[in-house]
file protein.txt (compact mmCIF, C-alpha atoms and all ligand atoms)
# COMPACT_ATOMS: atom_id res chain seq x y z
CA MET A 232 158.68 88.67 86.69
CA GLN A 233 162.19 87.71 87.71
CA GLY A 234 163.84 85.56 85.05
CA ARG A 235 160.69 85.42 82.89
CA LYS A 236 161.38 85.60 79.17
CA ILE A 237 159.00 88.10 77.63
CA LEU A 238 158.82 88.56 73.88
CA PHE A 239 157.46 92.09 73.49
CA GLY A 240 155.79 93.01 70.18
CA VAL A 241 155.30 96.71 69.39
CA THR A 242 153.05 97.84 66.54
CA GLY A 243 152.37 101.14 64.77
CA SER A 244 150.12 102.99 67.21
CA ILE A 245 150.56 106.47 68.60
CA ALA A 246 150.70 104.71 72.01
CA ALA A 247 153.98 102.96 71.02
CA PHE A 248 155.94 105.37 73.22
CA LYS A 249 154.22 103.86 76.29
CA ALA A 250 155.73 100.47 75.41
CA ALA A 251 159.18 101.95 76.10
CA GLY A 252 158.20 102.59 79.72
CA TRP A 253 156.73 99.09 80.01
CA VAL A 254 159.93 97.48 78.71
CA SER A 255 161.83 99.49 81.27
CA SER A 256 159.48 98.35 84.08
CA LEU A 257 159.86 94.69 83.06
CA VAL A 258 163.64 95.01 83.00
CA LYS A 259 163.56 96.61 86.48
CA GLU A 260 161.63 93.54 87.66
CA GLU A 261 164.46 91.43 86.21
CA ALA A 262 162.49 89.97 83.31
CA GLN A 263 164.42 89.14 80.14
CA VAL A 264 162.81 91.23 77.43
CA THR A 265 163.27 90.86 73.70
CA VAL A 266 161.49 93.39 71.51
CA MET A 267 160.16 92.86 68.00
CA MET A 268 158.64 95.76 66.08
CA THR A 269 156.49 96.08 62.99
CA GLU A 270 157.75 98.36 60.24
CA SER A 271 155.05 100.91 61.19
CA ALA A 272 156.10 100.83 64.85
CA THR A 273 159.62 101.93 63.88
CA ARG A 274 158.05 105.14 62.49
CA PHE A 275 156.86 106.06 65.98
CA VAL A 276 159.77 104.97 68.23
CA THR A 277 163.22 103.92 67.08
CA PRO A 278 164.52 100.37 67.62
CA LEU A 279 167.48 102.04 69.32
CA THR A 280 165.21 103.12 72.21
CA PHE A 281 163.94 99.59 72.79
CA GLY A 282 167.42 98.12 72.33
CA ALA A 283 168.88 100.44 74.95
CA LEU A 284 166.04 99.83 77.41
CA SER A 285 165.88 96.05 77.03
CA GLY A 286 169.61 95.47 76.68
CA ASN A 287 168.84 93.10 73.82
CA GLN A 288 168.84 93.29 70.06
CA VAL A 289 165.55 94.54 68.60
CA HIS A 290 164.03 92.50 65.77
CA THR A 291 162.20 94.20 62.93
CA ASP A 292 162.90 92.29 59.73
CA MET A 293 161.83 88.76 58.89
CA PHE A 294 164.31 88.61 56.00
CA SER A 295 167.40 89.78 57.82
CA THR A 296 170.49 87.78 56.92
CA GLY A 297 172.41 88.47 60.14
CA ALA A 298 173.49 85.25 61.87
CA GLU A 299 171.51 86.08 65.05
CA GLU A 300 168.40 87.09 63.16
CA MET A 301 168.20 84.23 60.71
CA MET A 302 164.87 82.41 61.21
CA ALA A 303 163.99 84.84 64.02
CA HIS A 304 160.29 84.34 63.20
CA ILE A 305 160.64 80.78 64.54
CA THR A 306 163.39 81.05 67.15
CA LEU A 307 162.18 84.23 68.92
CA SER A 308 159.00 82.73 70.36
CA GLY A 309 160.60 79.33 70.96
CA ASP A 310 161.84 79.98 74.47
CA ALA A 311 159.46 82.82 75.48
CA ASP A 312 157.42 82.37 78.67
CA ALA A 313 154.90 84.89 77.35
CA ILE A 314 154.36 87.14 74.36
CA LEU A 315 153.06 90.65 74.99
CA ILE A 316 151.79 92.71 72.08
CA ALA A 317 151.40 96.32 73.15
CA PRO A 318 150.12 98.48 71.70
CA ALA A 319 148.28 96.28 69.19
CA THR A 320 146.90 98.10 66.16
CA ALA A 321 143.66 97.23 64.37
CA HIS A 322 145.82 96.03 61.51
CA THR A 323 147.82 93.65 63.69
CA LEU A 324 144.61 92.33 65.32
CA ALA A 325 143.32 91.53 61.81
CA ARG A 326 146.58 89.82 60.92
CA LEU A 327 146.56 87.65 64.03
CA ALA A 328 142.87 86.81 63.80
CA HIS A 329 143.37 85.55 60.26
CA GLY A 330 146.57 83.65 60.94
CA MET A 331 148.61 85.79 58.56
CA ALA A 332 152.38 85.65 58.71
CA ASP A 333 153.40 88.55 56.49
CA ASN A 334 155.71 90.23 59.01
CA LEU A 335 158.10 89.09 61.72
CA LEU A 336 155.71 89.76 64.62
CA ALA A 337 152.75 87.89 63.10
CA ALA A 338 154.91 84.94 62.02
CA ALA A 339 156.54 84.71 65.46
CA VAL A 340 153.10 84.64 67.12
CA LEU A 341 151.93 81.96 64.73
CA ALA A 342 154.98 79.84 65.60
CA ALA A 343 154.54 80.35 69.37
CA ALA A 344 153.52 77.88 72.04
CA ALA A 345 153.63 80.52 74.82
CA PRO A 346 150.48 82.44 75.90
CA VAL A 347 149.91 85.71 74.05
CA VAL A 348 148.65 88.86 75.80
CA VAL A 349 147.28 91.49 73.40
CA CYS A 350 146.68 95.14 74.37
CA PRO A 351 144.70 96.93 71.64
CA ALA A 352 144.97 100.71 71.25
CA MET A 353 143.21 102.75 68.62
CA ASN A 354 140.63 105.40 67.80
CA ALA A 355 137.16 104.67 69.28
CA LYS A 356 135.52 104.27 65.87
CA MET A 357 138.24 101.86 64.69
CA LEU A 358 137.69 99.82 67.85
CA ALA A 359 133.89 99.85 67.54
CA HIS A 360 134.00 98.78 63.88
CA PRO A 361 132.32 95.37 63.48
CA THR A 362 135.44 94.00 61.76
CA THR A 363 137.69 94.91 64.69
CA GLN A 364 135.12 93.54 67.15
CA LYS A 365 134.88 90.32 65.15
CA ASN A 366 138.68 90.01 65.10
CA LEU A 367 138.85 90.55 68.86
CA SER A 368 136.18 87.94 69.45
CA THR A 369 138.04 85.49 67.16
CA LEU A 370 141.27 86.09 69.07
CA LYS A 371 139.52 85.48 72.42
CA LYS A 372 138.09 82.22 71.10
CA LEU A 373 141.58 81.21 69.95
CA GLY A 374 142.86 81.68 73.52
CA TYR A 375 144.61 85.04 73.17
CA ILE A 376 144.37 87.10 76.37
CA ILE A 377 142.94 90.49 75.47
CA VAL A 378 143.56 93.34 77.89
CA GLU A 379 140.60 95.54 77.02
CA PRO A 380 141.40 99.15 76.06
CA GLU A 381 140.14 101.85 78.39
CA CYS A 382 137.79 104.76 77.94
CA GLY A 383 139.12 108.32 78.06
CA PRO A 384 140.72 111.08 75.96
CA LEU A 385 142.35 109.65 72.82
CA ALA A 386 145.36 110.96 70.88
CA CYS A 387 143.08 111.94 67.99
CA GLY A 388 141.31 114.45 70.24
CA GLU A 389 138.17 112.36 70.68
CA VAL A 390 136.99 110.89 73.95
CA GLY A 391 135.97 107.25 73.91
CA SER A 392 137.07 103.66 74.22
CA GLY A 393 140.42 102.74 72.69
CA ARG A 394 143.09 104.01 75.09
CA LEU A 395 145.87 101.55 75.78
CA ALA A 396 145.24 99.85 79.15
CA GLU A 397 147.30 100.93 82.16
CA TRP A 398 150.55 99.07 82.89
CA ASP A 399 149.24 97.86 86.27
CA THR A 400 146.40 96.01 84.52
CA VAL A 401 148.69 94.54 81.85
CA ARG A 402 151.27 93.51 84.47
CA GLU A 403 148.56 91.65 86.40
CA ALA A 404 147.48 89.84 83.20
CA LEU A 405 151.10 88.74 82.69
CA LEU A 406 151.60 87.70 86.31
CA GLY A 407 148.36 85.69 86.20
CA LEU A 408 150.02 83.49 83.55
CA PHE A 409 152.75 82.49 85.97
CA VAL A 410 150.65 81.45 88.99
CA GLU A 411 148.31 78.53 89.47
CA GLN A 412 144.66 79.56 88.97
CA ASP A 413 143.65 77.70 92.12
CA LEU A 414 141.00 80.26 93.12
CA ALA A 415 139.15 80.15 89.79
CA GLY A 416 135.42 79.85 90.42
CA GLN A 417 135.69 81.28 93.97
CA HIS A 418 134.18 84.60 95.01
CA VAL A 419 136.42 86.21 97.60
CA LEU A 420 135.16 89.03 99.81
CA ILE A 421 137.89 91.09 101.48
CA THR A 422 137.64 94.04 103.85
CA ALA A 423 140.47 96.57 104.12
CA GLY A 424 141.52 99.86 105.62
CA PRO A 425 140.31 101.89 108.57
CA THR A 426 136.81 103.10 109.36
CA ARG A 427 135.91 106.66 110.34
CA GLU A 428 133.43 107.41 113.11
CA ALA A 429 132.07 110.95 112.88
CA LEU A 430 132.17 113.28 115.87
CA ASP A 431 130.75 116.27 114.06
CA PRO A 432 130.62 117.39 110.39
CA ALA A 433 134.37 118.18 110.45
CA ARG A 434 135.95 115.60 112.77
CA TYR A 435 136.10 111.85 113.12
CA LEU A 436 137.76 109.09 115.14
CA SER A 437 139.86 106.66 113.10
CA ASN A 438 143.05 104.58 113.21
CA ARG A 439 146.33 104.36 111.31
CA SER A 440 145.43 101.38 109.08
CA SER A 441 146.82 101.94 105.57
CA GLY A 442 144.71 99.20 103.93
CA LYS A 443 147.81 97.76 102.26
CA MET A 444 147.27 94.24 103.63
CA GLY A 445 143.68 93.92 102.34
CA TYR A 446 144.55 95.46 98.97
CA ALA A 447 147.52 93.09 98.54
CA LEU A 448 145.29 90.11 99.42
CA ALA A 449 142.69 91.29 96.90
CA ARG A 450 145.31 91.65 94.17
CA THR A 451 146.73 88.19 94.85
CA ALA A 452 143.32 86.49 95.01
CA ARG A 453 142.41 88.08 91.67
CA ARG A 454 145.73 87.02 90.18
CA ARG A 455 144.96 83.46 91.30
CA GLY A 456 141.70 83.53 89.34
CA ALA A 457 139.06 84.56 91.93
CA GLU A 458 136.26 87.07 91.49
CA VAL A 459 137.12 89.61 94.18
CA THR A 460 135.04 92.21 96.00
CA LEU A 461 137.00 94.56 98.24
CA ILE A 462 135.06 96.51 100.86
CA SER A 463 137.34 99.35 101.77
CA GLY A 464 137.44 102.10 104.33
CA PRO A 465 139.09 105.38 103.23
CA THR A 466 142.61 104.78 101.84
CA ASN A 467 144.86 106.36 99.21
CA LEU A 468 145.54 103.07 97.46
CA PRO A 469 144.84 102.47 93.76
CA THR A 470 142.12 99.97 92.87
CA PRO A 471 143.74 96.59 92.11
CA PRO A 472 142.98 95.67 88.45
CA GLY A 473 139.91 93.50 87.99
CA VAL A 474 138.75 93.92 91.60
CA ILE A 475 135.36 95.44 92.48
CA VAL A 476 135.82 98.02 95.23
CA VAL A 477 132.96 99.18 97.46
CA SER A 478 133.96 102.25 99.49
CA VAL A 479 132.59 102.78 102.99
CA GLN A 480 133.31 105.20 105.82
CA THR A 481 131.92 103.89 109.11
CA ALA A 482 131.97 100.50 110.84
CA ALA A 483 128.17 100.36 110.55
CA GLU A 484 128.37 100.94 106.78
CA MET A 485 131.04 98.28 106.49
CA ALA A 486 128.90 95.81 108.48
CA GLU A 487 125.91 96.49 106.23
CA VAL A 488 127.84 96.06 102.96
CA VAL A 489 129.68 92.96 104.22
CA LYS A 490 126.38 91.31 105.20
CA GLU A 491 124.95 92.10 101.77
CA HIS A 492 127.94 90.68 99.86
CA ALA A 493 128.64 87.74 102.18
CA ARG A 494 125.67 85.90 100.67
CA TYR A 495 127.53 84.99 97.50
CA ALA A 496 131.11 84.89 98.85
CA SER A 497 132.80 81.53 99.14
CA ILE A 498 135.77 82.97 101.07
CA ILE A 499 135.71 85.98 103.41
CA VAL A 500 138.93 87.66 104.53
CA LYS A 501 138.58 90.43 107.11
CA ALA A 502 141.69 92.61 106.95
CA ALA A 503 140.01 95.93 107.84
CA ALA A 504 140.81 97.77 111.07
CA VAL A 505 137.23 98.39 112.13
CA ALA A 506 136.71 100.91 114.93
CA ASP A 507 135.58 99.14 118.10
CA PHE A 508 133.80 102.24 119.38
CA LYS A 509 131.88 105.17 117.94
CA PRO A 510 130.69 108.43 119.50
CA LYS A 511 127.28 107.99 121.13
CA LYS A 512 126.11 111.23 119.55
CA ILE A 513 127.22 112.95 116.32
CA ALA A 514 127.02 116.74 116.73
CA SER A 515 125.12 118.34 113.87
CA LEU A 516 127.41 121.40 113.95
CA LYS A 517 131.17 121.61 114.44
CA ILE A 518 131.88 121.30 118.16
CA LYS A 519 133.06 124.73 119.35
CA LYS A 520 136.40 125.15 121.09
CA ALA A 521 135.65 125.69 124.75
CA GLY A 522 137.91 126.25 127.75
CA ALA A 523 136.58 123.20 129.56
CA ASP A 524 137.57 119.60 128.82
CA LEU A 525 135.66 117.87 126.07
CA ARG A 526 134.34 114.50 127.16
CA LEU A 527 133.30 112.04 124.49
CA GLU A 528 130.88 109.27 125.25
CA LEU A 529 131.54 106.18 123.13
CA GLU A 530 129.52 103.08 122.49
CA PRO A 531 130.67 99.78 120.95
CA ASN A 532 130.31 99.12 117.25
CA GLN A 533 128.78 95.91 115.99
CA ASP A 534 131.35 93.08 115.77
CA ILE A 535 131.12 92.28 112.03
CA LEU A 536 133.04 89.03 112.25
CA ALA A 537 130.96 87.72 115.16
CA THR A 538 127.71 88.63 113.35
CA LEU A 539 128.91 86.87 110.21
CA ALA A 540 130.02 83.79 112.12
CA GLU A 541 126.67 83.67 113.91
CA ARG A 542 124.76 84.03 110.62
CA ARG A 543 126.89 81.37 108.95
CA GLY A 544 126.39 79.14 112.02
CA ARG A 545 122.63 79.64 111.77
CA ILE A 546 122.66 78.91 108.03
CA ARG A 547 124.80 75.80 108.59
CA CYS A 548 122.38 74.67 111.30
CA TRP A 549 119.38 75.19 108.99
CA LEU A 550 121.16 73.37 106.19
CA GLY A 551 121.93 70.50 108.57
CA LEU A 552 118.26 70.21 109.58
CA LEU A 553 117.16 70.45 105.96
CA GLN A 554 119.61 67.74 104.94
CA LYS A 555 118.35 65.51 107.78
CA ALA A 556 114.74 66.05 106.73
CA ILE A 557 115.54 65.25 103.10
CA THR A 558 117.45 62.10 104.08
CA MET A 559 114.55 60.91 106.26
CA ARG A 560 112.07 61.68 103.49
CA LEU A 561 114.17 59.71 101.04
CA LYS A 562 114.33 56.75 103.42
CA ASP A 563 110.52 56.89 103.79
CA ASP A 564 110.16 57.06 100.04
CA VAL A 565 112.41 54.02 99.58
CA SER A 566 110.40 51.95 102.08
CA CYS A 567 107.09 53.07 100.52
CA ARG A 568 108.23 52.48 96.99
CA PRO A 569 106.08 49.78 95.33
CA LYS A 570 107.89 46.55 94.59
CA ARG A 571 108.99 46.20 91.02
CA LEU A 572 106.64 43.97 89.07
CA THR A 573 108.40 41.00 87.57
C1 LIG B 601 149.91 109.24 63.70
C2 LIG B 601 149.30 107.89 63.54
C3 LIG B 601 148.80 107.25 64.64
C4 LIG B 601 148.23 105.98 64.51
N1 LIG B 601 147.73 105.38 65.64
C5 LIG B 601 147.13 104.18 65.49
C6 LIG B 601 146.58 103.55 66.65
O1 LIG B 601 146.66 104.03 67.78
N2 LIG B 601 145.96 102.35 66.48
C7 LIG B 601 145.86 101.75 65.24
O2 LIG B 601 145.26 100.68 65.17
N3 LIG B 601 146.39 102.34 64.16
C8 LIG B 601 147.03 103.51 64.26
N4 LIG B 601 147.57 104.11 63.15
C9 LIG B 601 147.51 103.41 61.85
C10 LIG B 601 148.57 102.31 61.78
O3 LIG B 601 149.87 102.86 61.94
C11 LIG B 601 148.48 101.56 60.47
O4 LIG B 601 147.23 100.90 60.38
C12 LIG B 601 149.59 100.58 60.24
O5 LIG B 601 149.37 99.94 59.01
C13 LIG B 601 149.67 99.56 61.34
O6 LIG B 601 150.64 98.60 61.02
P1 LIG B 601 151.16 97.48 62.00
O7 LIG B 601 149.97 96.87 62.63
O8 LIG B 601 151.90 96.53 61.14
O9 LIG B 601 152.06 98.11 63.00
C14 LIG B 601 148.17 105.35 63.23
C15 LIG B 601 148.71 106.01 62.16
C16 LIG B 601 149.26 107.25 62.29
C17 LIG B 601 149.84 107.93 61.07
call {"tool": "encode", "arguments": {"input": "protein.txt", "output": "structure tokens"}}
result
Amino acid sequence: MQGRKILFGVTGSIAAFKAAGWVSSLVKEEAQVTVMMTESATRFVTPLTFGALSGNQVHTDMFSTGAEEMMAHITLSGDADAILIAPATAHTLARLAHGMADNLLAAAVLAAAAPVVVCPAMNAKMLAHPTTQKNLSTLKKLGYIIVEPECGPLACGEVGSGRLAEWDTVREALLGLFVEQDLAGQHVLITAGPTREALDPARYLSNRSSGKMGYALARTARRRGAEVTLISGPTNLPTPPGVIVVSVQTAAEMAEVVKEHARYASIIVKAAAVADFKPKKIASLKIKKAGADLRLELEPNQDILATLAERRGRIRCWLGLLQKAITMRLKDDVSCRPKRLT
């Protein structure tokens, strides 16, 4: 985010207070943040809060006569790298979808060349209303990036869809704007973390892998436009936004799931620390403490990478033979083709 100019639009939702934290996070990442607020937004959080957090003047009024604010509806978006509207009310979605310019925020968006990321937040029924859905679909068609609201408890006391997305998800949407989408169309399969090999119902053998490498790779691949499946051993890491995570415990489980998903992956990255050995026998009851030494008999786990390479090799070999057969068939066909009648 360093040095990125973010024009941050805040609208009149109960979730407006969350925008204050997001501005603060952007500033910590050394982005240059300028905040504009709708009149309703100023009823929820004061411009003073955003001014203090961003270190910049907050813009609220299209008709301000101050020298710095004159024509702000045109100048504000002029040098922005991205516009973020969060939270976005149903009313503001309607405004943007219809190209209205009746407040500073809407006019600035209309005058913008920069990409616009919109984070709706509202009551579940307001979100589900056909008009709101139509407006969202119009905005998507117009090229706005919509960060879908999440499902969960809402401020109104209901539970449903309409919660403002998490900052991690929104941050990824913003960062995706600033990197080349060179993995678009690729399906990347990544393994991460340790595996656990059970000794008995209470104990297991494992290793110190944190999973951070695989999770970081997954996040970056997603940011660069790939569809990403992350097959993960037990970790405490949060799911990277937009990544499908399949959780496994043992090396055998990981091998099984990798084989299943490898079929449609165009790139496979194996960052997991898979246990090389597993106990030969898993005790059905907790092994009792005894005076004598405990000796564990281990046997090797399947080498997932080697199995994959062998399978891919076999597939490549079959494809080669198939290609040869087709080429020969085509040659035959050409020689057998009847001469064109003149
Ligand atoms: C307490 C309260 C909470 C509100 N929360 C939301 C909300 O989360 N989402 C929404 O779309 N509207 C919400 N509204 C309604 C908007 O504030 C209202 O539609 C307003 O006109 C939006 O204007 P704006 O889009 O220009 O900011 C809320 C209103 C009140 C009084």
call {"tool": "closest_residue", "arguments": {"input": "protein.txt", "among": "A:Ile421, A:Ala328, A:Ala415, A:Ala311", "to": "A:Ala447", "atoms": "all atoms listed in the file"}}
result
A:Ile421
call {"tool": "residues_around", "arguments": {"input": "protein.txt", "residues": "stretch 330-344 of chain A", "least_positions_apart": "5", "cutoff": "9 Å", "atoms": "only C-alpha atoms", "output": "number ranges by chain"}}
result
A: 240-242, 267-270, 290-294, 303-314, 316, 323, 325
call {"tool": "residues_around", "arguments": {"input": "protein.txt", "residues": "A:Val474", "least_positions_apart": "4", "cutoff": "10 Å", "atoms": "all atoms listed in the file", "output": "compact mmCIF listing (two decimals) with C-alpha atoms, in the coordinates of the input"}}
result
# COMPACT_ATOMS: atom_id res chain seq x y z
CA TYR A 446 144.55 95.46 98.97
CA ALA A 449 142.69 91.29 96.90
CA ARG A 450 145.31 91.65 94.17
CA ALA A 452 143.32 86.49 95.01
CA ARG A 453 142.41 88.08 91.67
CA ARG A 454 145.73 87.02 90.18
CA ALA A 457 139.06 84.56 91.93
CA GLU A 458 136.26 87.07 91.49
CA VAL A 459 137.12 89.61 94.18
CA THR A 460 135.04 92.21 96.00
CA LEU A 461 137.00 94.56 98.24
CA THR A 470 142.12 99.97 92.87
call {"tool": "residues_around", "arguments": {"input": "protein.txt", "residues": "A:Gly374", "least_positions_apart": "5", "cutoff": "9 Å", "atoms": "all atoms listed in the file", "output": "number ranges by chain"}}
result
A: 346-347, 369
call {"tool": "residues_near_ligand", "arguments": {"input": "protein.txt", "ligand": "ligand LIG 601 (chain B)", "cutoff": "9 Å", "atoms": "all atoms listed in the file", "output": "ChimeraX atom specification"}}
result
/A:241-247,268-275,318-326,334,336-337,351-354,357-358,385-387,393-395
call {"tool": "write_last_selection", "arguments": {"input": "protein.txt", "atoms": "C-alpha atoms", "output": "tab-separated table (two decimals), in the coordinates of the input"}}
result
chain	number	residue	atom	x	y	z
A	241	VAL	CA	155.30	96.71	69.39
A	242	THR	CA	153.05	97.84	66.54
A	243	GLY	CA	152.37	101.14	64.77
A	244	SER	CA	150.12	102.99	67.21
A	245	ILE	CA	150.56	106.47	68.60
A	246	ALA	CA	150.70	104.71	72.01
A	247	ALA	CA	153.98	102.96	71.02
A	268	MET	CA	158.64	95.76	66.08
A	269	THR	CA	156.49	96.08	62.99
A	270	GLU	CA	157.75	98.36	60.24
A	271	SER	CA	155.05	100.91	61.19
A	272	ALA	CA	156.10	100.83	64.85
A	273	THR	CA	159.62	101.93	63.88
A	274	ARG	CA	158.05	105.14	62.49
A	275	PHE	CA	156.86	106.06	65.98
A	318	PRO	CA	150.12	98.48	71.70
A	319	ALA	CA	148.28	96.28	69.19
A	320	THR	CA	146.90	98.10	66.16
A	321	ALA	CA	143.66	97.23	64.37
A	322	HIS	CA	145.82	96.03	61.51
A	323	THR	CA	147.82	93.65	63.69
A	324	LEU	CA	144.61	92.33	65.32
A	325	ALA	CA	143.32	91.53	61.81
A	326	ARG	CA	146.58	89.82	60.92
A	334	ASN	CA	155.71	90.23	59.01
A	336	LEU	CA	155.71	89.76	64.62
A	337	ALA	CA	152.75	87.89	63.10
A	351	PRO	CA	144.70	96.93	71.64
A	352	ALA	CA	144.97	100.71	71.25
A	353	MET	CA	143.21	102.75	68.62
A	354	ASN	CA	140.63	105.40	67.80
A	357	MET	CA	138.24	101.86	64.69
A	358	LEU	CA	137.69	99.82	67.85
A	385	LEU	CA	142.35	109.65	72.82
A	386	ALA	CA	145.36	110.96	70.88
A	387	CYS	CA	143.08	111.94	67.99
A	393	GLY	CA	140.42	102.74	72.69
A	394	ARG	CA	143.09	104.01	75.09
A	395	LEU	CA	145.87	101.55	75.78
call {"tool": "residues_near_point", "arguments": {"input": "protein.txt", "point": "(135.4, 100.9, 116.1)", "cutoff": "8 Å", "atoms": "only C-alpha atoms", "output": "list of chain:residue names"}}
result
A:Thr426, A:Glu428, A:Ser437, A:Ala482, A:Val505, A:Ala506, A:Asp507, A:Phe508, A:Lys509, A:Pro531, A:Asn532
call {"tool": "atom_distance", "arguments": {"input": "protein.txt", "atom1": "atom CA of A:Tyr495", "atom2": "atom CA of A:Gly407"}}
result
23.7 Å
call {"tool": "residues_near_point", "arguments": {"input": "protein.txt", "point": "(125.5, 107.4, 120.9)", "cutoff": "7 Å", "atoms": "all atoms listed in the file", "output": "PyMOL selection string"}}
result
chain A and resi 510-512+529-530
call {"tool": "build_atoms", "arguments": {"input": "protein.txt", "residues": "stretch 272-285 of chain A", "atoms": "N, CA, C and O atoms", "output": "tab-separated table (two decimals), in the coordinates of the input"}}
result
chain	number	residue	atom	x	y	z
A	272	ALA	N	155.71	100.45	63.49
A	272	ALA	CA	156.10	100.83	64.85
A	272	ALA	C	157.41	101.61	64.85
A	272	ALA	O	157.58	102.54	65.65
A	273	THR	N	158.31	101.26	63.92
A	273	THR	CA	159.62	101.93	63.88
A	273	THR	C	159.49	103.39	63.44
A	273	THR	O	160.41	104.18	63.58
A	274	ARG	N	158.29	103.75	62.88
A	274	ARG	CA	158.05	105.14	62.49
A	274	ARG	C	157.69	106.00	63.71
A	274	ARG	O	157.72	107.21	63.64
A	275	PHE	N	157.27	105.33	64.77
A	275	PHE	CA	156.86	106.06	65.98
A	275	PHE	C	157.99	106.14	67.02
A	275	PHE	O	158.22	107.18	67.61
A	276	VAL	N	158.66	105.01	67.26
A	276	VAL	CA	159.77	104.97	68.23
A	276	VAL	C	160.89	104.19	67.56
A	276	VAL	O	160.64	103.19	66.88
A	277	THR	N	162.12	104.61	67.78
A	277	THR	CA	163.22	103.92	67.08
A	277	THR	C	163.58	102.60	67.78
A	277	THR	O	163.46	102.50	69.01
A	278	PRO	N	164.04	101.62	67.02
A	278	PRO	CA	164.52	100.37	67.62
A	278	PRO	C	165.63	100.63	68.63
A	278	PRO	O	165.76	99.90	69.62
A	279	LEU	N	166.38	101.71	68.39
A	279	LEU	CA	167.48	102.04	69.32
A	279	LEU	C	166.97	102.22	70.75
A	279	LEU	O	167.57	101.75	71.71
A	280	THR	N	165.80	102.89	70.87
A	280	THR	CA	165.21	103.12	72.21
A	280	THR	C	164.95	101.79	72.91
A	280	THR	O	165.33	101.58	74.05
A	281	PHE	N	164.29	100.88	72.17
A	281	PHE	CA	163.94	99.59	72.79
A	281	PHE	C	165.19	98.74	73.05
A	281	PHE	O	165.24	98.00	74.03
A	282	GLY	N	166.17	98.86	72.14
A	282	GLY	CA	167.42	98.12	72.33
A	282	GLY	C	168.12	98.57	73.60
A	282	GLY	O	168.56	97.76	74.42
A	283	ALA	N	168.19	99.90	73.78
A	283	ALA	CA	168.88	100.44	74.95
A	283	ALA	C	168.14	100.08	76.23
A	283	ALA	O	168.76	99.74	77.24
A	284	LEU	N	166.80	100.11	76.19
A	284	LEU	CA	166.04	99.83	77.41
A	284	LEU	C	166.03	98.34	77.78
A	284	LEU	O	166.06	97.98	78.95
A	285	SER	N	165.98	97.49	76.75
A	285	SER	CA	165.88	96.05	77.03
A	285	SER	C	167.25	95.41	77.21
A	285	SER	O	167.39	94.35	77.82
